[in-house]
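Here's the structure, in C-alpha coordinates; my notes come after.
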Amino acid sequence: MMGRTGLLRLLVTFDALPLAASLFQKFPPSMRPLAKALYSQTQFGITFAQESAAVSVSMNQAEQARQIKSFPDIPLFVLSAGKPNFDITQEVLEKLQELHADLASESSQGVHIVAHESGHAIQLDEPELVIDAIRQVVEKVRYGNTP
(Lines give C-alpha, C1' and ligand atoms only; values in the text may rest on other atoms or scores of the structure.)
Protein backbone atom coordinates (compact mmCIF):
# COMPACT_ATOMS: atom_id res chain seq x y z
CA MET A 1 0.00 0.00 0.00
CA MET A 2 2.86 2.40 0.83
CA GLY A 3 4.29 1.81 -2.64
CA ARG A 4 1.03 2.23 -4.48
CA THR A 5 0.24 5.52 -2.76
CA GLY A 6 3.74 6.94 -3.19
CA LEU A 7 4.33 7.03 0.56
CA LEU A 8 7.35 4.71 0.33
CA ARG A 9 8.98 6.92 -2.31
CA LEU A 10 8.29 10.02 -0.23
CA LEU A 11 9.75 8.49 2.95
CA VAL A 12 12.86 7.37 1.11
CA THR A 13 13.31 10.75 -0.59
CA PHE A 14 13.25 12.59 2.73
CA ASP A 15 15.37 10.01 4.61
CA ALA A 16 12.41 9.22 6.85
CA LEU A 17 11.94 5.53 6.08
CA PRO A 18 11.07 3.84 9.39
CA LEU A 19 13.84 1.58 10.68
CA ALA A 20 16.31 2.88 8.07
CA ALA A 21 16.39 6.65 8.43
CA SER A 22 20.20 6.81 8.50
CA LEU A 23 20.81 3.95 6.07
CA PHE A 24 21.26 6.09 2.98
CA GLN A 25 23.86 8.29 4.69
CA LYS A 26 26.13 5.24 4.84
CA PHE A 27 26.29 4.99 1.06
CA PRO A 28 28.90 7.02 -0.78
CA PRO A 29 27.27 10.27 -2.04
CA SER A 30 27.51 9.12 -5.65
CA MET A 31 25.54 5.94 -4.83
CA ARG A 32 22.75 7.46 -2.72
CA PRO A 33 20.40 8.30 -5.62
CA LEU A 34 20.65 4.73 -6.94
CA ALA A 35 20.13 3.22 -3.49
CA LYS A 36 17.10 5.44 -2.88
CA ALA A 37 15.69 4.57 -6.31
CA LEU A 38 15.96 0.85 -5.53
CA TYR A 39 14.56 1.10 -2.00
CA SER A 40 11.61 3.22 -3.10
CA GLN A 41 10.33 0.74 -5.67
CA THR A 42 7.04 -0.92 -4.82
CA GLN A 43 8.56 -4.35 -5.45
CA PHE A 44 11.22 -3.68 -2.80
CA GLY A 45 8.52 -2.99 -0.21
CA ILE A 46 6.60 -6.11 -1.19
CA THR A 47 9.71 -8.29 -1.09
CA PHE A 48 10.82 -6.85 2.26
CA ALA A 49 7.39 -7.54 3.77
CA GLN A 50 7.35 -11.10 2.42
CA GLU A 51 10.86 -11.77 3.68
CA SER A 52 10.06 -10.38 7.11
CA ALA A 53 6.90 -12.46 7.36
CA ALA A 54 8.82 -15.64 6.49
CA VAL A 55 11.64 -15.32 9.05
CA SER A 56 10.24 -17.91 11.45
CA VAL A 57 9.56 -20.36 8.61
CA SER A 58 13.12 -19.90 7.34
CA MET A 59 14.54 -20.45 10.82
CA ASN A 60 12.57 -23.69 11.17
CA GLN A 61 13.75 -24.88 7.74
CA ALA A 62 17.38 -24.14 8.64
CA GLU A 63 17.05 -26.08 11.88
CA GLN A 64 15.48 -29.05 10.08
CA ALA A 65 18.27 -29.05 7.51
CA ARG A 66 20.93 -29.03 10.26
CA GLN A 67 19.36 -32.09 11.88
CA ILE A 68 19.28 -34.04 8.62
CA LYS A 69 22.72 -33.35 7.17
CA SER A 70 26.00 -32.24 8.72
CA PHE A 71 27.64 -29.04 7.56
CA PRO A 72 30.46 -29.58 5.06
CA ASP A 73 34.07 -28.97 6.10
CA ILE A 74 34.55 -25.75 4.13
CA PRO A 75 35.92 -22.28 4.87
CA LEU A 76 33.14 -20.33 6.53
CA PHE A 77 33.24 -16.76 7.81
CA VAL A 78 30.16 -15.51 9.64
CA LEU A 79 29.96 -11.78 10.35
CA SER A 80 27.63 -10.42 13.04
CA ALA A 81 26.51 -6.89 13.75
CA GLY A 82 28.00 -5.46 16.92
CA LYS A 83 25.49 -2.65 17.39
CA PRO A 84 21.71 -2.92 17.43
CA ASN A 85 19.83 -1.01 14.76
CA PHE A 86 16.59 -1.26 12.81
CA ASP A 87 14.82 -1.23 16.17
CA ILE A 88 16.20 -4.55 17.42
CA THR A 89 17.03 -4.78 21.08
CA GLN A 90 20.38 -5.59 22.66
CA GLU A 91 18.87 -8.92 23.72
CA VAL A 92 17.94 -9.82 20.13
CA LEU A 93 21.38 -8.71 18.92
CA GLU A 94 23.07 -10.98 21.45
CA LYS A 95 20.85 -13.91 20.45
CA LEU A 96 21.73 -13.34 16.78
CA GLN A 97 25.43 -13.28 17.68
CA GLU A 98 25.00 -16.60 19.53
CA LEU A 99 23.25 -18.12 16.52
CA HIS A 100 25.97 -16.84 14.20
CA ALA A 101 28.71 -18.26 16.46
CA ASP A 102 26.87 -21.58 16.46
CA LEU A 103 26.69 -21.52 12.65
CA ALA A 104 30.43 -20.79 12.37
CA SER A 105 31.17 -23.73 14.69
CA GLU A 106 29.43 -26.11 12.27
CA SER A 107 32.56 -26.14 10.07
CA SER A 108 36.00 -26.96 11.44
CA GLN A 109 37.14 -24.03 9.27
CA GLY A 110 34.45 -21.71 10.63
CA VAL A 111 35.27 -18.24 11.93
CA HIS A 112 32.85 -15.91 13.70
CA ILE A 113 33.60 -12.19 13.57
CA VAL A 114 31.62 -9.53 15.43
CA ALA A 115 31.73 -6.19 13.61
CA HIS A 116 31.73 -4.04 16.73
CA GLU A 117 31.24 -0.76 14.85
CA SER A 118 28.43 -2.04 12.63
CA GLY A 119 24.73 -2.52 12.62
CA HIS A 120 22.96 -4.77 10.11
CA ALA A 121 24.71 -3.24 7.07
CA ILE A 122 28.25 -4.40 7.83
CA GLN A 123 29.19 -4.00 4.18
CA LEU A 124 28.51 -0.27 4.54
CA ASP A 125 29.75 0.31 8.11
CA GLU A 126 32.93 -1.77 8.01
CA PRO A 127 33.52 -2.83 4.40
CA GLU A 128 37.11 -3.82 5.16
CA LEU A 129 35.84 -6.67 7.37
CA VAL A 130 33.72 -8.04 4.54
CA ILE A 131 36.52 -7.68 2.00
CA ASP A 132 39.02 -9.36 4.35
CA ALA A 133 36.64 -12.26 5.04
CA ILE A 134 36.10 -12.80 1.30
CA ARG A 135 39.85 -12.70 0.66
CA GLN A 136 40.51 -15.22 3.44
CA VAL A 137 37.90 -17.63 2.04
CA VAL A 138 39.42 -17.32 -1.45
CA GLU A 139 42.92 -17.94 -0.05
CA LYS A 140 41.77 -20.98 1.92
CA VAL A 141 40.03 -22.42 -1.13
CA ARG A 142 42.94 -21.63 -3.44
CA TYR A 143 45.85 -22.64 -1.19
CA GLY A 144 44.32 -24.85 1.48
CA ASN A 145 44.39 -24.02 5.17
CA THR A 146 47.70 -22.18 4.98
CA PRO A 147 47.97 -19.41 2.37
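Residues in the C-alpha coordinates are numbered from 1 in each chain, the chains being A, B, ... in the order shown, and ligands are numbered from 1 in the order shown.
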Rows by chain and residue number, range 32-92 of chain A within 12 Å of range 141-144 of chain A, shortest pair, only C-alpha atoms, as a Markdown table:
```
| residue | atom | partner | partner_atom | distance |
| --- | --- | --- | --- | --- |
| A:Asp73 | CA | A:Val141 | CA | 11.4 |
| A:Ile74 | CA | A:Val141 | CA | 8.3 |
| A:Pro75 | CA | A:Val141 | CA | 7.3 |
| A:Leu76 | CA | A:Val141 | CA | 10.5 |
```
Surrounding residues of range 33-37 of chain A excluding itself and chain neighbours under 3 positions, 9 Å, only C-alpha atoms, as a list of chain:residue names:
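Result of the neighbour search: A:Arg9, A:Val12, A:Thr13, A:Asp15, A:Phe24, A:Phe27, A:Pro29, A:Ser30, A:Ser40, A:Gln41.
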With only C-alpha atoms as the atoms that count, which of A:Ala62, A:Leu124, A:Leu93, A:Leu79 lies nearest to Leu23 in chain A?
A:Leu124
Counting only C-alpha atoms, which of A:Glu106, A:Ala133, A:Leu38, A:Gln97 gets nearest to Gln67 in chain A?
A:Glu106
Can you list, as an mmCIF file with N, CA and C atoms, in the first residue's frame, every residue of range 34-126 of chain A that DSSP puts in strand (DSSP E or B)?
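Saved to result_33.cif:
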```cif
data_model
loop_
_atom_site.group_PDB
_atom_site.id
_atom_site.type_symbol
_atom_site.label_atom_id
_atom_site.label_comp_id
_atom_site.auth_asym_id
_atom_site.auth_seq_id
_atom_site.Cartn_x
_atom_site.Cartn_y
_atom_site.Cartn_z
ATOM 1 N N LEU A 76 34.397 -21.018 6.235
ATOM 2 C CA LEU A 76 33.141 -20.330 6.530
ATOM 3 C C LEU A 76 33.421 -19.151 7.455
ATOM 4 N N PHE A 77 33.110 -17.958 6.991
ATOM 5 C CA PHE A 77 33.242 -16.760 7.814
ATOM 6 C C PHE A 77 31.846 -16.213 8.032
ATOM 7 N N VAL A 78 31.473 -16.021 9.285
ATOM 8 C CA VAL A 78 30.158 -15.510 9.642
ATOM 9 C C VAL A 78 30.371 -14.173 10.346
ATOM 10 N N LEU A 79 29.834 -13.110 9.767
ATOM 11 C CA LEU A 79 29.964 -11.778 10.348
ATOM 12 C C LEU A 79 28.672 -11.391 11.041
ATOM 13 N N SER A 80 28.788 -10.849 12.248
ATOM 14 C CA SER A 80 27.630 -10.420 13.039
ATOM 15 C C SER A 80 27.722 -8.935 13.331
ATOM 16 N N ALA A 81 26.578 -8.282 13.342
ATOM 17 C CA ALA A 81 26.514 -6.886 13.754
ATOM 18 C C ALA A 81 26.920 -6.772 15.215
ATOM 19 N N GLY A 110 35.334 -22.834 10.378
ATOM 20 C CA GLY A 110 34.448 -21.705 10.625
ATOM 21 C C GLY A 110 35.085 -20.641 11.502
ATOM 22 N N VAL A 111 34.791 -19.392 11.171
ATOM 23 C CA VAL A 111 35.274 -18.240 11.926
ATOM 24 C C VAL A 111 34.092 -17.307 12.152
ATOM 25 N N HIS A 112 33.894 -16.885 13.390
ATOM 26 C CA HIS A 112 32.846 -15.913 13.702
ATOM 27 C C HIS A 112 33.504 -14.588 14.026
ATOM 28 N N ILE A 113 33.049 -13.524 13.367
ATOM 29 C CA ILE A 113 33.596 -12.192 13.570
ATOM 30 C C ILE A 113 32.449 -11.249 13.937
ATOM 31 N N VAL A 114 32.600 -10.551 15.042
ATOM 32 C CA VAL A 114 31.625 -9.528 15.426
ATOM 33 C C VAL A 114 32.158 -8.184 14.948
ATOM 34 N N ALA A 115 31.378 -7.519 14.125
ATOM 35 C CA ALA A 115 31.734 -6.194 13.606
ATOM 36 C C ALA A 115 31.251 -5.164 14.627
#
```
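The space between CA of Ile122 in chain A and CA of Pro84 in chain A spans 11.7 Å.
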For the structure I just gave you, how does DSSP split range 8-70 of chain A - specifically, which residues are helix (DSSP H, G or I)? Reply as a PyMOL selection string.
chain A and resi 8-13+23-26+32-39+42-53+55-68
Top pick for closest residue to His120 in chain A, considering A:Ser105, A:Gln50, A:Ser22, A:Asn85 and counting only C-alpha atoms
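Among the listed residues, the smallest separation from His120 in chain A belongs to A:Asn85.
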